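The structure appears right after this line, and notes come after that.
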Amino acid sequence: MGVDKESPQQRESGQVARREQSDQMRLLLIGAPGAGKGTQAARLAARFGIVHISSGDLLRRHVRDRTSLGQRVKSYVDQGDLVPDAVVMDMLRKPVLAAANGYVLDGFPRTVEQAKASYSVVRALGAEVQAAIHLDVPREELVRRLLARGRGSDDTEAVVEHRLRVYLDNTVPLRSTTQAGNGCSPSMVAARRMPCTRTS
Amino acid sequence: MFTVDGGGPADAVHEDIVTRIQKLASFSASS
């Protein structure tokens with residue numbers, strides 16, 4: 001009956017759909033604890049109609065639900081340390097692949113190792129990131145915001161300082177790596193279609 | 001990767017990010 005045969009209109013429609021799919025917005029938000037990644041990610045998700053994937057929220061959900069993964073990461077979170085890269089990668093794989101219309105991911109990658117590992121994974125899955133956005137906030141403002149959150153004993157001044165120190169030790173090298181050379185990223189933040197920029 | 005000043009009000013930070021993204025998108029479309 002020929003019902004499976006693609007008409008010119010259908011073929012054109014399919015081409016448009018594939019083109020739109022390749023234009024899905026895939027963003028990363030990078031910044032210190034307290035920089036506003038969650039706030040901005042939520043707004044970007046609403047603005048562009050994409051999914052907000054928060055690595056922190058996912059980790060906390062696993063801890064709250066006392067999953068095997070959650071129990072493994074609880075000791076790291078309690079100390080303000082970073083969760084091991086492999087655990088975060090496994091946790092993010094499913095939601096990233098499920099985000100058919102694109103996504104904004106906050107809180108990942110946080111380390112150079114995460115960036116290197118995630119690059120090969122997301123590229124193989126056809127889910128390359130198009131742009132990474134670094135939220136730059138003065139240290140004193142970060143401390144103020146984190147203390148103001150008042151999440152109990154987790155956010156004493158000593159823990160806040162520790163969290164910021166962990167961030168500086170791990171994420172700042174990542175930023176240097178991604179801004180090497182002409183400003184274009186050699187790793188996962190390299191835009192497949194969008195240009196890299198170095199802005200102040 | 002681009003950097004935005006995240007120390008200001010959330011609304012202003014959001015608009016700054018959107019502007020940067022749109023510039024990247026328009027540059028990409030024209031190249």
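Chain labels follow the order of the structure tokens: the first chain is A, the next B, and so on; residue numbering restarts at 1 in every chain, and ligands are counted from 1 in their shown order.
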
Long-range neighbours of Met25 of chain A as a short mmCIF file (atom, residue, chain, number, x, y, z; two decimals) with C-alpha atoms, in the first residue's frame, 9 Å cut-off, only C-alpha atoms, 5 positions minimum in chain:
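Writing the result to selection14.cif gives the following:
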data_model
loop_
_atom_site.label_atom_id
_atom_site.label_comp_id
_atom_site.auth_asym_id
_atom_site.auth_seq_id
_atom_site.Cartn_x
_atom_site.Cartn_y
_atom_site.Cartn_z
CA PHE A 48 14.77 27.35 26.69
CA ILE A 50 15.27 22.05 28.37
CA ASN A 101 15.12 18.30 24.09
CA GLY A 102 18.46 19.22 25.56
CA TYR A 103 19.68 19.89 29.07
CA VAL A 104 21.47 22.22 31.40
CA VAL A 129 28.00 19.74 25.35
CA GLN A 130 27.69 22.95 23.34
CA ALA A 131 28.69 25.56 25.87
#

Select all residues from chain B having any atom no more than 9 Å from an atom of chain A (counting only C-alpha atoms, ignoring ligands), output as JSON, numbers by chain. {"B": [1, 2, 3, 4, 5, 6, 7, 8, 10, 11, 13, 14, 17, 18, 21, 24, 25, 26, 27, 28, 29]}

I need the chosen residues saved as a compact mmCIF listing (two decimals), in the first residue's frame, with C-alpha atoms.
# COMPACT_ATOMS: atom_id res chain seq x y z
CA MET B 1 33.55 28.27 28.01
CA PHE B 2 32.59 31.77 28.95
CA THR B 3 32.56 33.49 32.29
CA VAL B 4 29.83 35.70 33.68
CA ASP B 5 29.78 37.78 36.81
CA GLY B 6 27.64 35.74 39.16
CA GLY B 7 27.89 38.11 42.08
CA GLY B 8 24.94 40.27 41.10
CA ALA B 10 19.90 36.52 39.86
CA ASP B 11 17.79 38.30 37.22
CA VAL B 13 22.99 37.15 35.87
CA HIS B 14 20.32 35.23 33.95
CA ILE B 17 23.93 34.32 30.36
CA VAL B 18 21.07 34.37 27.84
CA ILE B 21 24.25 32.10 24.58
CA LEU B 24 27.16 32.17 20.39
CA ALA B 25 24.15 30.75 18.59
CA SER B 26 23.97 33.57 16.07
CA PHE B 27 27.70 33.36 15.43
CA SER B 28 27.39 29.64 14.87
CA ALA B 29 24.46 30.08 12.51

What parts of chain B does DSSP call alpha helix (DSSP H)? I'd like the answer as a ChimeraX atom specification. /B:10-30

Give me a file of those residues, with C-alpha atoms, as a CSV table (one decimal), in the first residue's frame.
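Just written: result-v7.csv:
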chain,number,residue,atom,x,y,z
B,10,ALA,CA,19.9,36.5,39.9
B,11,ASP,CA,17.8,38.3,37.2
B,12,ALA,CA,20.8,40.2,35.9
B,13,VAL,CA,23.0,37.2,35.9
B,14,HIS,CA,20.3,35.2,34.0
B,15,GLU,CA,20.0,37.9,31.3
B,16,ASP,CA,23.8,38.1,30.9
B,17,ILE,CA,23.9,34.3,30.4
B,18,VAL,CA,21.1,34.4,27.8
B,19,THR,CA,22.7,37.2,25.9
B,20,ARG,CA,26.0,35.3,25.7
B,21,ILE,CA,24.2,32.1,24.6
B,22,GLN,CA,22.3,33.9,21.9
B,23,LYS,CA,25.5,35.6,20.6
B,24,LEU,CA,27.2,32.2,20.4
B,25,ALA,CA,24.1,30.7,18.6
B,26,SER,CA,24.0,33.6,16.1
B,27,PHE,CA,27.7,33.4,15.4
B,28,SER,CA,27.4,29.6,14.9
B,29,ALA,CA,24.5,30.1,12.5
B,30,SER,CA,26.4,32.6,10.4

Grab the atom CA of Lys74 of chain A to atom CA of Ala42 of chain A distance for me, in Å with one decimal place.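 Atom-to-atom, atom CA of Lys74 of chain A and atom CA of Ala42 of chain A are spaced 24.9 Å apart.
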
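Of note, atom CA of Gln79 of chain A and atom CA of Leu146 of chain A are spaced 15.1 Å apart.
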
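The two atoms in question, atom CA of Ser75 of chain A and atom CA of Val63 of chain A, are spaced 10.0 Å apart.
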
List every residue of chain B that DSSP, applied to the backbone, labels as strand (DSSP E or B), and write the result as a list of chain:residue names.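 Of chain B, only B:Phe2, B:Thr3, B:Val4, B:Asp5 fall in strand (DSSP E or B).
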